[in-house]
Structure formats: structure tokens, C-alpha cells
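To be precise, the following lines are target25.cif, and they hold mmCIF, C-alpha atoms.
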```cif
data_run
loop_
_atom_site.group_PDB
_atom_site.id
_atom_site.type_symbol
_atom_site.label_atom_id
_atom_site.label_comp_id
_atom_site.auth_asym_id
_atom_site.auth_seq_id
_atom_site.Cartn_x
_atom_site.Cartn_y
_atom_site.Cartn_z
ATOM 1 C CA MET A 1259 85.461 127.993 130.707
ATOM 2 C CA THR A 1260 82.272 126.250 129.562
ATOM 3 C CA MET A 1261 82.320 122.536 130.239
ATOM 4 C CA ARG A 1262 81.669 120.221 127.333
ATOM 5 C CA PRO A 1263 78.229 118.564 127.687
ATOM 6 C CA THR A 1264 78.246 114.888 128.527
ATOM 7 C CA LEU A 1265 75.996 111.983 127.658
ATOM 8 C CA LYS A 1266 74.635 112.155 131.219
ATOM 9 C CA ASP A 1267 73.621 115.797 130.633
ATOM 10 C CA VAL A 1268 71.699 114.754 127.524
ATOM 11 C CA ALA A 1269 69.964 111.944 129.398
ATOM 12 C CA ASN A 1270 68.961 114.261 132.270
ATOM 13 C CA LEU A 1271 67.561 116.924 129.947
ATOM 14 C CA ALA A 1272 65.632 114.355 127.883
ATOM 15 C CA GLY A 1273 64.350 112.583 130.999
ATOM 16 C CA VAL A 1274 65.653 109.165 129.952
ATOM 17 C CA SER A 1275 68.420 106.839 131.052
ATOM 18 C CA PHE A 1276 72.081 107.235 130.137
ATOM 19 C CA THR A 1277 72.001 103.721 128.598
ATOM 20 C CA LEU A 1278 69.082 104.574 126.334
ATOM 21 C CA VAL A 1279 70.802 107.670 124.955
ATOM 22 C CA SER A 1280 73.973 105.667 124.338
ATOM 23 C CA LYS A 1281 72.074 102.986 122.445
ATOM 24 C CA TYR A 1282 70.231 105.640 120.432
ATOM 25 C CA LEU A 1283 73.448 107.361 119.366
ATOM 26 C CA ASN A 1284 75.056 104.045 118.444
ATOM 27 C CA HIS A 1285 71.999 102.958 116.414
ATOM 28 C CA ASP A 1286 71.591 99.876 118.591
ATOM 29 C CA PRO A 1287 68.673 97.825 117.178
ATOM 30 C CA ALA A 1288 67.826 96.767 120.725
ATOM 31 C CA ALA A 1289 67.023 100.388 121.644
ATOM 32 C CA ARG A 1290 63.243 100.347 121.236
ATOM 33 C CA MET A 1291 61.619 103.681 121.967
ATOM 34 C CA SER A 1292 58.656 105.743 120.895
ATOM 35 C CA PRO A 1293 58.902 108.591 118.376
ATOM 36 C CA GLU A 1294 58.217 110.989 121.289
ATOM 37 C CA THR A 1295 61.255 109.687 123.208
ATOM 38 C CA LYS A 1296 63.455 109.989 120.122
ATOM 39 C CA ALA A 1297 62.239 113.554 119.653
ATOM 40 C CA ARG A 1298 63.118 114.423 123.283
ATOM 41 C CA ILE A 1299 66.629 113.016 122.859
ATOM 42 C CA ASP A 1300 67.115 114.882 119.583
ATOM 43 C CA SER A 1301 65.907 118.091 121.229
ATOM 44 C CA ALA A 1302 68.316 117.628 124.164
ATOM 45 C CA LEU A 1303 71.209 116.946 121.772
ATOM 46 C CA ALA A 1304 70.415 120.133 119.882
ATOM 47 C CA GLN A 1305 69.960 122.299 122.990
ATOM 48 C CA LEU A 1306 73.246 121.157 124.496
ATOM 49 C CA ASP A 1307 75.044 121.113 121.122
ATOM 50 C CA TYR A 1308 76.281 117.649 122.040
ATOM 51 C CA HIS A 1309 78.655 115.846 119.681
ATOM 52 C CA PRO A 1310 79.993 112.368 120.469
ATOM 53 C CA SER A 1311 83.720 112.215 121.186
ATOM 54 C CA ALA A 1312 85.531 110.212 118.542
ATOM 55 C CA ALA A 1313 88.377 109.542 120.959
ATOM 56 C CA ALA A 1314 86.008 108.211 123.624
ATOM 57 C CA ARG A 1315 84.245 106.028 121.091
ATOM 58 C CA THR A 1316 87.597 104.589 120.003
ATOM 59 C CA LEU A 1317 88.525 103.774 123.601
ATOM 60 C CA ARG A 1318 85.165 102.065 124.216
ATOM 61 C CA SER A 1319 85.000 100.055 121.006
ATOM 62 C CA GLY A 1320 88.653 99.626 120.073
ATOM 63 C CA ARG A 1321 87.736 101.005 116.645
ATOM 64 C CA SER A 1322 88.580 104.433 115.232
ATOM 65 C CA HIS A 1323 86.069 104.343 112.352
ATOM 66 C CA THR A 1324 88.946 105.682 110.267
ATOM 67 C CA VAL A 1325 90.498 104.010 107.241
ATOM 68 C CA GLY A 1326 93.698 104.788 105.394
ATOM 69 C CA MET A 1327 94.240 105.049 101.655
ATOM 70 C CA ILE A 1328 97.633 104.750 99.984
ATOM 71 C CA CYS A 1329 97.487 106.779 96.806
ATOM 72 C CA GLY A 1330 99.661 108.510 94.223
ATOM 73 C CA ASN A 1331 100.355 112.240 94.043
ATOM 74 C CA LEU A 1332 97.053 114.122 94.268
ATOM 75 C CA THR A 1333 98.183 116.751 91.772
ATOM 76 C CA ASN A 1334 97.616 113.954 89.252
ATOM 77 C CA GLN A 1335 94.019 114.085 87.969
ATOM 78 C CA TYR A 1336 93.606 110.311 88.074
ATOM 79 C CA PHE A 1337 94.736 109.922 91.681
ATOM 80 C CA ALA A 1338 92.656 112.915 92.777
ATOM 81 C CA HIS A 1339 89.612 111.257 91.172
ATOM 82 C CA ALA A 1340 90.406 107.961 92.901
ATOM 83 C CA ALA A 1341 90.824 109.585 96.307
ATOM 84 C CA ASP A 1342 87.563 111.491 95.935
ATOM 85 C CA CYS A 1343 85.676 108.299 95.002
ATOM 86 C CA ALA A 1344 87.113 106.451 98.006
ATOM 87 C CA LEU A 1345 86.403 109.336 100.398
ATOM 88 C CA GLN A 1346 82.749 109.451 99.350
ATOM 89 C CA GLU A 1347 82.292 105.678 99.552
ATOM 90 C CA PHE A 1348 83.886 105.397 103.011
ATOM 91 C CA GLN A 1349 81.808 108.334 104.280
ATOM 92 C CA ARG A 1350 78.635 106.582 103.110
ATOM 93 C CA HIS A 1351 79.590 103.746 105.462
ATOM 94 C CA GLY A 1352 80.440 106.012 108.410
ATOM 95 C CA TYR A 1353 84.226 106.051 108.028
ATOM 96 C CA GLN A 1354 86.635 108.969 107.790
ATOM 97 C CA MET A 1355 89.642 108.555 105.499
ATOM 98 C CA LEU A 1356 93.311 109.444 105.900
ATOM 99 C CA ILE A 1357 95.568 109.577 102.828
ATOM 100 C CA ALA A 1358 99.245 108.644 102.690
ATOM 101 C CA LEU A 1359 101.140 109.192 99.464
ATOM 102 C CA ALA A 1360 102.886 106.196 97.956
ATOM 103 C CA ASP A 1361 106.664 106.497 97.914
ATOM 104 C CA PRO A 1362 108.270 104.446 95.094
ATOM 105 C CA ALA A 1363 111.555 104.447 97.023
ATOM 106 C CA ASP A 1364 109.946 103.033 100.175
ATOM 107 C CA PRO A 1365 106.668 101.192 99.474
ATOM 108 C CA ALA A 1366 106.126 100.290 103.143
ATOM 109 C CA ALA A 1367 106.457 103.880 104.447
ATOM 110 C CA ALA A 1368 102.836 104.868 103.769
ATOM 111 C CA LEU A 1369 101.617 101.655 105.391
ATOM 112 C CA LYS A 1370 103.616 102.454 108.527
ATOM 113 C CA ILE A 1371 102.275 106.025 108.705
ATOM 114 C CA LEU A 1372 98.654 104.889 108.530
ATOM 115 C CA THR A 1373 99.106 101.979 110.930
ATOM 116 C CA GLU A 1374 100.650 104.280 113.547
ATOM 117 C CA ARG A 1375 97.553 106.484 113.379
ATOM 118 C CA GLY A 1376 95.314 103.632 114.450
ATOM 119 C CA VAL A 1377 93.226 103.171 111.307
ATOM 120 C CA ASP A 1378 90.833 100.217 111.226
ATOM 121 C CA GLY A 1379 91.900 99.180 107.725
ATOM 122 C CA ILE A 1380 94.069 100.260 104.801
ATOM 123 C CA TYR A 1381 93.223 100.497 101.110
ATOM 124 C CA GLY A 1382 96.343 100.224 98.968
ATOM 125 C CA PHE A 1383 95.169 101.802 95.718
ATOM 126 C CA SER A 1384 98.642 102.719 94.497
ATOM 127 C CA MET A 1385 101.703 100.950 95.848
ATOM 128 C CA PRO A 1386 104.327 100.987 93.068
ATOM 129 C CA GLU A 1387 107.034 98.355 92.827
ATOM 130 C CA LEU A 1388 105.568 96.697 95.889
ATOM 131 C CA THR A 1389 106.995 93.519 97.366
ATOM 132 C CA VAL A 1390 103.764 92.477 99.000
ATOM 133 C CA GLY A 1391 105.240 89.501 100.804
ATOM 134 C CA LYS A 1392 107.410 91.832 102.915
ATOM 135 C CA LEU A 1393 104.495 93.962 104.130
ATOM 136 C CA LYS A 1394 103.408 93.721 107.740
ATOM 137 C CA SER A 1395 100.011 95.170 108.591
ATOM 138 C CA ARG A 1396 98.281 94.891 111.958
ATOM 139 C CA CYS A 1397 94.901 95.750 110.397
ATOM 140 C CA PRO A 1398 93.002 94.545 107.300
ATOM 141 C CA LEU A 1399 94.700 95.560 104.064
ATOM 142 C CA LEU A 1400 93.213 95.493 100.566
ATOM 143 C CA LEU A 1401 95.341 95.933 97.440
ATOM 144 C CA ASN A 1402 94.365 96.607 93.834
ATOM 145 C CA ASN A 1403 95.834 94.822 90.820
ATOM 146 C CA THR A 1404 98.146 92.294 92.386
ATOM 147 C CA CYS A 1405 98.133 88.496 92.415
ATOM 148 C CA ALA A 1406 99.329 88.365 96.035
ATOM 149 C CA LYS A 1407 97.321 86.182 98.414
ATOM 150 C CA THR A 1408 98.760 87.579 101.642
ATOM 151 C CA TYR A 1409 96.045 90.259 101.815
ATOM 152 C CA SER A 1410 92.671 90.878 100.191
ATOM 153 C CA THR A 1411 92.804 91.918 96.555
ATOM 154 C CA LEU A 1412 90.577 93.351 93.845
ATOM 155 C CA SER A 1413 91.964 93.444 90.328
ATOM 156 C CA ILE A 1414 90.878 94.403 86.843
ATOM 157 C CA ASP A 1415 90.633 91.234 84.760
ATOM 158 C CA VAL A 1416 91.956 92.273 81.343
ATOM 159 C CA ASP A 1417 92.845 88.860 79.897
ATOM 160 C CA VAL A 1418 89.766 88.279 77.721
ATOM 161 C CA ALA A 1419 89.628 91.902 76.585
ATOM 162 C CA LEU A 1420 93.332 91.900 75.644
ATOM 163 C CA ASP A 1421 92.942 88.667 73.671
ATOM 164 C CA GLU A 1422 90.001 90.127 71.754
ATOM 165 C CA ALA A 1423 91.888 93.368 71.102
ATOM 166 C CA LEU A 1424 94.981 91.584 69.768
ATOM 167 C CA ASN A 1425 92.914 89.219 67.622
ATOM 168 C CA SER A 1426 91.273 92.225 65.969
ATOM 169 C CA LEU A 1427 94.617 93.352 64.509
ATOM 170 C CA ASP A 1428 95.956 92.445 61.055
ATOM 171 C CA SER A 1429 99.569 92.465 62.241
ATOM 172 C CA GLN A 1430 101.202 89.923 64.542
ATOM 173 C CA HIS A 1431 103.705 92.433 65.921
ATOM 174 C CA VAL A 1432 102.522 94.830 68.665
ATOM 175 C CA ALA A 1433 104.434 97.365 70.742
ATOM 176 C CA GLY A 1434 103.266 97.918 74.304
ATOM 177 C CA ALA A 1435 103.954 101.260 76.011
ATOM 178 C CA PHE A 1436 103.615 101.102 79.806
ATOM 179 C CA VAL A 1437 104.054 103.647 82.578
ATOM 180 C CA ALA A 1438 104.752 102.422 86.131
ATOM 181 C CA SER A 1439 102.657 99.269 85.845
ATOM 182 C CA ASN A 1440 104.380 95.903 85.829
ATOM 183 C CA TRP A 1441 101.076 94.021 86.024
ATOM 184 C CA TRP A 1442 99.825 95.618 82.790
ATOM 185 C CA ALA A 1443 103.049 94.738 80.971
ATOM 186 C CA ASP A 1444 102.849 91.156 82.274
ATOM 187 C CA ALA A 1445 99.202 90.823 81.235
ATOM 188 C CA PHE A 1446 99.989 92.205 77.765
ATOM 189 C CA GLN A 1447 102.928 89.846 77.287
ATOM 190 C CA SER A 1448 100.827 86.855 78.379
ATOM 191 C CA ALA A 1449 98.034 87.848 75.980
ATOM 192 C CA CYS A 1450 100.527 88.099 73.113
ATOM 193 C CA ARG A 1451 101.735 84.564 73.868
ATOM 194 C CA ARG A 1452 98.156 83.249 73.965
ATOM 195 C CA THR A 1453 97.212 84.889 70.669
ATOM 196 C CA GLY A 1454 100.472 84.253 68.803
ATOM 197 C CA HIS A 1455 101.570 87.899 68.656
ATOM 198 C CA THR A 1456 105.101 89.206 69.074
ATOM 199 C CA ALA A 1457 105.238 91.568 72.047
ATOM 200 C CA GLU A 1458 107.561 94.575 72.052
ATOM 201 C CA ILE A 1459 107.611 95.898 75.639
ATOM 202 C CA HIS A 1460 108.532 99.502 76.474
ATOM 203 C CA HIS A 1461 108.571 100.811 80.064
ATOM 204 C CA LEU A 1462 108.080 104.571 79.898
ATOM 205 C CA ASN A 1463 109.276 107.287 82.235
ATOM 206 C CA LEU A 1464 106.862 109.009 84.627
ATOM 207 C CA ASP A 1465 108.318 112.357 83.590
ATOM 208 C CA ARG A 1466 106.136 113.588 80.701
ATOM 209 C CA LYS A 1467 108.972 115.205 78.741
ATOM 210 C CA LEU A 1468 111.092 112.051 78.875
ATOM 211 C CA ARG A 1469 108.040 109.931 78.104
ATOM 212 C CA LYS A 1470 107.439 111.888 74.881
ATOM 213 C CA GLN A 1471 111.036 111.286 73.838
ATOM 214 C CA GLU A 1472 110.610 107.554 74.473
ATOM 215 C CA LEU A 1473 107.361 107.470 72.499
ATOM 216 C CA ALA A 1474 109.043 109.238 69.595
ATOM 217 C CA ALA A 1475 111.779 106.598 69.658
ATOM 218 C CA ILE A 1476 109.098 103.864 69.425
ATOM 219 C CA CYS A 1477 107.497 105.628 66.455
ATOM 220 C CA ARG A 1478 110.819 105.776 64.616
ATOM 221 C CA THR A 1479 110.844 101.949 64.528
ATOM 222 C CA LYS A 1480 107.301 102.058 63.067
ATOM 223 C CA PRO A 1481 105.603 99.063 64.755
ATOM 224 C CA PRO A 1482 102.323 98.276 62.944
ATOM 225 C CA ALA A 1483 100.324 98.446 66.195
ATOM 226 C CA ILE A 1484 100.832 100.145 69.574
ATOM 227 C CA PHE A 1485 99.039 99.434 72.853
ATOM 228 C CA SER A 1486 99.017 101.872 75.770
ATOM 229 C CA ASN A 1487 97.713 101.227 79.272
ATOM 230 C CA GLY A 1488 97.145 104.944 79.977
ATOM 231 C CA TRP A 1489 95.136 107.723 78.362
ATOM 232 C CA GLU A 1490 97.887 110.312 79.016
ATOM 233 C CA THR A 1491 100.338 108.180 77.082
ATOM 234 C CA MET A 1492 97.848 107.715 74.250
ATOM 235 C CA LEU A 1493 97.224 111.457 74.035
ATOM 236 C CA ALA A 1494 100.974 112.150 73.944
ATOM 237 C CA LEU A 1495 101.413 109.456 71.295
ATOM 238 C CA GLN A 1496 98.746 111.027 69.094
ATOM 239 C CA GLU A 1497 100.420 114.435 69.380
ATOM 240 C CA ILE A 1498 103.792 112.939 68.367
ATOM 241 C CA LEU A 1499 102.295 111.059 65.417
ATOM 242 C CA ASN A 1500 100.543 114.193 64.155
ATOM 243 C CA ALA A 1501 103.574 116.462 64.561
ATOM 244 C CA GLU A 1502 106.498 114.209 63.643
ATOM 245 C CA PHE A 1503 105.187 111.160 61.753
ATOM 246 C CA PRO A 1504 102.270 112.299 59.568
ATOM 247 C CA GLY A 1505 102.692 109.413 57.116
ATOM 248 C CA TYR A 1506 102.893 106.689 59.767
ATOM 249 C CA ARG A 1507 99.493 105.273 60.777
ATOM 250 C CA PRO A 1508 99.830 102.458 63.329
ATOM 251 C CA ARG A 1509 96.729 100.786 64.735
ATOM 252 C CA LEU A 1510 96.272 102.077 68.288
ATOM 253 C CA ILE A 1511 94.685 100.359 71.282
ATOM 254 C CA CYS A 1512 94.249 101.985 74.674
ATOM 255 C CA HIS A 1513 93.031 101.053 78.112
ATOM 256 C CA ALA A 1514 90.282 103.574 78.844
ATOM 257 C CA ASN A 1515 89.067 104.500 82.324
ATOM 258 C CA CYS A 1516 87.722 107.727 80.865
ATOM 259 C CA ARG A 1517 85.712 109.290 78.062
ATOM 260 C CA ALA A 1518 87.466 111.823 75.846
ATOM 261 C CA PRO A 1519 87.450 113.583 72.461
ATOM 262 C CA PHE A 1520 90.777 111.996 71.456
ATOM 263 C CA PHE A 1521 89.100 108.582 71.207
ATOM 264 C CA GLY A 1522 87.687 109.893 67.931
ATOM 265 C CA ASP A 1523 91.119 109.355 66.317
ATOM 266 C CA SER A 1524 90.598 107.089 63.280
ATOM 267 C CA ARG A 1525 93.863 105.241 64.054
ATOM 268 C CA ILE A 1526 92.319 103.740 67.209
ATOM 269 C CA SER A 1527 91.087 100.171 66.671
ATOM 270 C CA GLY A 1528 89.242 100.138 69.979
ATOM 271 C CA ILE A 1529 89.586 100.456 73.726
ATOM 272 C CA ILE A 1530 89.778 98.178 76.733
ATOM 273 C CA ALA A 1531 87.302 99.848 79.062
ATOM 274 C CA SER A 1532 87.143 99.707 82.858
ATOM 275 C CA ALA A 1533 85.651 102.102 85.411
ATOM 276 C CA THR A 1534 87.858 103.343 88.251
ATOM 277 C CA THR A 1535 84.761 104.357 90.221
ATOM 278 C CA GLN A 1536 83.466 100.787 90.168
ATOM 279 C CA LEU A 1537 86.871 99.403 91.182
ATOM 280 C CA ILE A 1538 87.150 101.788 94.127
ATOM 281 C CA GLU A 1539 83.597 101.418 95.406
ATOM 282 C CA LYS A 1540 83.865 97.629 95.450
ATOM 283 C CA SER A 1541 87.332 97.803 97.043
ATOM 284 C CA CYS A 1542 86.008 100.031 99.841
ATOM 285 C CA ARG A 1543 83.064 97.727 100.509
ATOM 286 C CA MET A 1544 85.325 94.668 100.603
ATOM 287 C CA LEU A 1545 87.650 96.361 103.103
ATOM 288 C CA ILE A 1546 84.754 97.458 105.331
ATOM 289 C CA LYS A 1547 83.371 93.914 105.294
ATOM 290 C CA GLN A 1548 86.715 92.620 106.520
ATOM 291 C CA ILE A 1549 86.923 95.321 109.200
ATOM 292 C CA ASN A 1550 83.448 94.462 110.470
ATOM 293 C CA ASN A 1551 84.159 90.720 110.419
ATOM 294 C CA PRO A 1552 87.561 90.119 112.064
ATOM 295 C CA GLU A 1553 87.309 86.393 111.337
ATOM 296 C CA GLN A 1554 86.794 87.044 107.632
ATOM 297 C CA LYS A 1555 89.483 85.401 105.521
ATOM 298 C CA ASN A 1556 91.268 87.357 102.814
ATOM 299 C CA MET A 1557 89.007 87.998 99.830
ATOM 300 C CA HIS A 1558 90.087 87.957 96.204
ATOM 301 C CA ALA A 1559 87.885 89.288 93.416
ATOM 302 C CA LYS A 1560 88.173 90.557 89.841
ATOM 303 C CA LEU A 1561 86.281 93.090 87.765
ATOM 304 C CA PRO A 1562 86.245 92.222 84.057
ATOM 305 C CA ALA A 1563 87.352 94.858 81.565
ATOM 306 C CA GLN A 1564 85.573 95.062 78.203
ATOM 307 C CA TRP A 1565 86.972 95.210 74.686
ATOM 308 C CA ILE A 1566 85.034 97.809 72.689
ATOM 309 C CA PRO A 1567 85.946 97.994 68.988
ATOM 310 C CA ALA A 1568 85.888 101.438 67.402
ATOM 311 C CA ALA A 1569 83.355 100.168 64.852
ATOM 312 C CA SER A 1570 80.852 99.093 67.518
ATOM 313 C CA PRO A 1571 77.804 101.197 68.547
ATOM 314 C CA GLU A 1572 79.040 101.233 72.175
ATOM 315 C CA TYR A 1573 82.228 103.070 71.218
ATOM 316 C CA ALA A 1574 80.428 106.343 70.496
ATOM 317 C CA ALA A 1575 79.726 106.804 74.229
ATOM 318 C CA PHE A 1576 83.472 107.203 74.838
ATOM 319 C CA THR A 1577 84.086 109.951 72.263
ATOM 320 C CA VAL A 1578 82.588 112.840 74.224
ATOM 321 C CA ARG A 1579 83.382 116.527 73.801
ATOM 322 C CA HIS A 1580 84.830 117.027 77.297
ATOM 323 C CA PHE A 1581 87.232 114.722 79.119
ATOM 324 C CA GLN A 1582 85.605 112.628 81.898
ATOM 325 C CA LEU A 1583 87.200 110.061 84.208
ATOM 326 C CA THR A 1584 84.942 107.063 84.820
#
```
Starting from the coordinates I provided, produce the structure as C-alpha cells.
Amino acid sequence: MTMRPTLKDVANLAGVSFTLVSKYLNHDPAARMSPETKARIDSALAQLDYHPSAAARTLRSGRSHTVGMICGNLTNQYFAHAADCALQEFQRHGYQMLIALADPADPAAALKILTERGVDGIYGFSMPELTVGKLKSRCPLLLNNTCAKTYSTLSIDVDVALDEALNSLDSQHVAGAFVASNWWADAFQSACRRTGHTAEIHHLNLDRKLRKQELAAICRTKPPAIFSNGWETMLALQEILNAEFPGYRPRLICHANCRAPFFGDSRISGIIASATTQLIEKSCRMLIKQINNPEQKNMHAKLPAQWIPAASPEYAAFTVRHFQLT
């Protein structure tokens, strides 16, 4: 059986010290060497087909250069997009990523799975119905869209955009249709109080068939305006209005982390726009900063969403021919 080449083999073939090769592979700024020496090391690495052992590096440094992401079901287009964005961003910083699916029945299960695999940090992108105060993590943890201070957080700041959206309406009564997002419902209710609107809160089922039935029930009461925090819900709502309530024309508002043809619907007053890509890239960078600086205190940041009225020039950029997640 052929023995796996070692760092000492590389050093011998390149005619340099073991320490110098180690510093070169670890990008140590103290490793000063000529271009000729670098070329000899590269040649030796190629000839021996040497690849650093991740396990050995973990033992030496105490770091696995692996992060975990807690995410929703990847058959869902939105979560697949989020996971892909995170994977690319972590790879740019030299980290591999493990994914654990969020379990609504046991929010801490995914955290336990990732912690047991020795990740350096965990990105909680989707942790439904989470009681953050009960979480115990031995490594840095960053969560999206929560007001908890126990761990680092990055949230979408929708307050100003929601106020502007509600103030654009003629009616004071607004129905809110929300799927698996308590923070959105809370933000909507708070905005209605600030702007003097009457909030009608509806928590919708994750199952699409049941969700359509619930949306139809909302339409039967004919609220003058309806807000949705998800594009799938808005699309389903439009289909129901067209098929079952052709004479009912409520003003529609939607949170948009996408561009789509259905935003061309004349019933839409405008959108509250945010980019998932931006949220994820900043979240990844914040987590890596905390991993690299063990003394770093928990960080808390917000990304502002933007209210874009349908009558504004900016709105046209969201009514594209083919659906695109942002």
C-alpha cells in the first residue's frame, strides 16, 4: 500500500525546512521566501500530490474550519437559495459548511447535531418557534430575525418600511397573512399601532392546500387591504382572488425578497423589499469575525428594508419576466 506523503517529504523534495513548508501552507505572513523557493515548494506539492490533512490541522489548531447552518427543508426554493448563498460565502473565507434541518418540534436538535460534529460556529438561519434563552451552544452562534441578546443577531429592520406602506393606504383596516413567522406578525401589529391602523392577524398553515383554504376564508370577509410576508402566499392570494372573487379588489402589500412577474398585479400598492443574499453574506461575515476573535462580544445588527410604492420608478425592476430570488 502506498504511504500518504507527509510534510517532511515535501520539505525534503523542495530542499527547504519542514517549518518553512508549514508556514507556506498556512499562509503565515512571517514566512518570507523568494519566488524561486515558493515555486520549488509548489512543484514538490504537485509531484507528491500532497494535500493537507483536515483532521491533523484540527488537532494542531483546535479549529475545524467548518461551520454549521440550521436551515429549513431544502426542497423549498427559498431555503435552497439561502443555503447556496451561505455555502459560497463561507467557502470564500476558507470554511466548509454542514447543514442541519430545523425541526419545529425540537428547535435545539439541529444545534446539538452540529455542535457534536465540532463546528467552529453555527449560523441559525431558520429556527422556528425558538426559545432562544434555552439554547446552549459551546461555539459562536448567530441568529437571524430575533431580538434575543444571548447570541449574535442580524435582523431585517422593517419598521420604517411598514409604517410607510400602511400610511400609503386609504383604509385604516388591514389584514395580515403570515406563515411561520412570529416576528413578522409582531412587527406588523406594532406598525399598525404606530400608524393608527386596525390589525387583523392571520397565522397561515405551512401546508399549501390548507393555506389556500385559509386565504379564501380571509377573502370572504373582504378586508380593504391585505399584507403578506411571503411571495408564495401573495401568489396564492392572487390566484384565489382571480378565480373566486373577481369583483373584490383589496389593496395588496407584500414583503419581496425576489423579483417576479406577479408583482405586475394592479392590486399591489407596493412592496417591502429586502435581499436574502445581503442578509446571508453579512451574517456569515459576522459569524466568522466572532470565530476568529474569541473575545468578541455578541454583535447585533440590522439591515433596513425599503418600501417601494408600485407607482415609483424603482418598482419596475421587480416586475421581471422570470422569477428571481434576491
Near-Met1385 (chain A) list (10 Å; all atoms listed in the file; drop same-chain fewer than 5 positions) as a short mmCIF file (atom, residue, chain, number, x, y, z; two decimals) with C-alpha atoms, keeping the file's coordinate frame:
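And here is the file that came out, part-v5.cif:
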```cif
data_model
loop_
_atom_site.label_atom_id
_atom_site.label_comp_id
_atom_site.auth_asym_id
_atom_site.auth_seq_id
_atom_site.Cartn_x
_atom_site.Cartn_y
_atom_site.Cartn_z
CA ILE A 1328 97.63 104.75 99.98
CA CYS A 1329 97.49 106.78 96.81
CA GLY A 1330 99.66 108.51 94.22
CA LEU A 1359 101.14 109.19 99.46
CA ALA A 1360 102.89 106.20 97.96
CA ASP A 1361 106.66 106.50 97.91
CA PRO A 1362 108.27 104.45 95.09
CA ASP A 1364 109.95 103.03 100.18
CA PRO A 1365 106.67 101.19 99.47
CA ALA A 1366 106.13 100.29 103.14
CA ALA A 1368 102.84 104.87 103.77
CA LEU A 1369 101.62 101.66 105.39
CA VAL A 1390 103.76 92.48 99.00
CA LEU A 1401 95.34 95.93 97.44
CA ASN A 1402 94.36 96.61 93.83
CA ASN A 1403 95.83 94.82 90.82
CA THR A 1404 98.15 92.29 92.39
#
```
Please write the residues picked by the PyMOL selection byres ((chain A and resi 1536) around 12) on this file as a PDB file with C-alpha atoms, keeping the file's coordinate frame.
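Produced file selection.pdb, reproduced below:
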```pdb
ATOM      1  CA  ALA A1340      90.406 107.961  92.901  1.00  0.00           C
ATOM      2  CA  CYS A1343      85.676 108.299  95.002  1.00  0.00           C
ATOM      3  CA  ALA A1344      87.113 106.451  98.006  1.00  0.00           C
ATOM      4  CA  GLU A1347      82.292 105.678  99.552  1.00  0.00           C
ATOM      5  CA  LEU A1412      90.577  93.351  93.845  1.00  0.00           C
ATOM      6  CA  SER A1413      91.964  93.444  90.328  1.00  0.00           C
ATOM      7  CA  ILE A1414      90.878  94.403  86.843  1.00  0.00           C
ATOM      8  CA  ASN A1515      89.067 104.500  82.324  1.00  0.00           C
ATOM      9  CA  ALA A1531      87.302  99.848  79.062  1.00  0.00           C
ATOM     10  CA  SER A1532      87.143  99.707  82.858  1.00  0.00           C
ATOM     11  CA  ALA A1533      85.651 102.102  85.411  1.00  0.00           C
ATOM     12  CA  THR A1534      87.858 103.343  88.251  1.00  0.00           C
ATOM     13  CA  THR A1535      84.761 104.357  90.221  1.00  0.00           C
ATOM     14  CA  LEU A1537      86.871  99.403  91.182  1.00  0.00           C
ATOM     15  CA  ILE A1538      87.150 101.788  94.127  1.00  0.00           C
ATOM     16  CA  GLU A1539      83.597 101.418  95.406  1.00  0.00           C
ATOM     17  CA  LYS A1540      83.865  97.629  95.450  1.00  0.00           C
ATOM     18  CA  SER A1541      87.332  97.803  97.043  1.00  0.00           C
ATOM     19  CA  CYS A1542      86.008 100.031  99.841  1.00  0.00           C
ATOM     20  CA  ARG A1543      83.064  97.727 100.509  1.00  0.00           C
ATOM     21  CA  LYS A1560      88.173  90.557  89.841  1.00  0.00           C
ATOM     22  CA  LEU A1561      86.281  93.090  87.765  1.00  0.00           C
ATOM     23  CA  PRO A1562      86.245  92.222  84.057  1.00  0.00           C
ATOM     24  CA  ALA A1563      87.352  94.858  81.565  1.00  0.00           C
ATOM     25  CA  LEU A1583      87.200 110.061  84.208  1.00  0.00           C
ATOM     26  CA  THR A1584      84.942 107.063  84.820  1.00  0.00           C
TER      27      THR A1584
END
```
* Using all atoms listed in the file, what residues lie at most 10 Å away from (103.2, 98.9, 65.5) (file coordinates), given as an MDAnalysis selection string? -> chainID A and resid 1429:1434 1458 1476:1477 1479:1485 1506:1510
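Between Trp1565 (chain A) and the residues A:His1580, A:Arg1525, A:Arg1478, A:His1513, the shortest atom-to-atom distance, using only C-alpha atoms, involves A:His1513.
Proximity to Ile1498 (chain A) at 10 Å, evaluated using all atoms listed in the file and with sequence-adjacent residues fewer than 4 positions away removed, yields Lys1470, Gln1471, Leu1473, Ala1474, Cys1477, Met1492, Leu1493, Ala1494, Glu1502, Phe1503 and Pro1504 of chain A.
Of note, CA of Ala1518 (chain A) and CA of Arg1350 (chain A) are spaced 29.1 Å apart.
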* Report as JSON, numbers by chain the full result of the PyMOL selection byres ((chain A and resi 1558) around 7) when it is applied to this structure. => {"A": [1410, 1411, 1412, 1556, 1557, 1559]}
* **Shell of 12 Å around Arg1375 (chain A), only C-alpha atoms, local chain residues under 4 positions omitted, as a list in words** => Arg1321, Ser1322, His1323, Thr1324, Val1325, Gly1326, Met1355, Leu1356, Ile1357, Ala1358, Ala1368, Leu1369, Lys1370, Ile1371, Gly1379, Ile1380, Arg1396 and Cys1397 of chain A
* To do: Find the distance between CA of Tyr1381 (chain A) and CA of Val1416 (chain A) and write it in Å to one decimal.
  => 21.4 Å
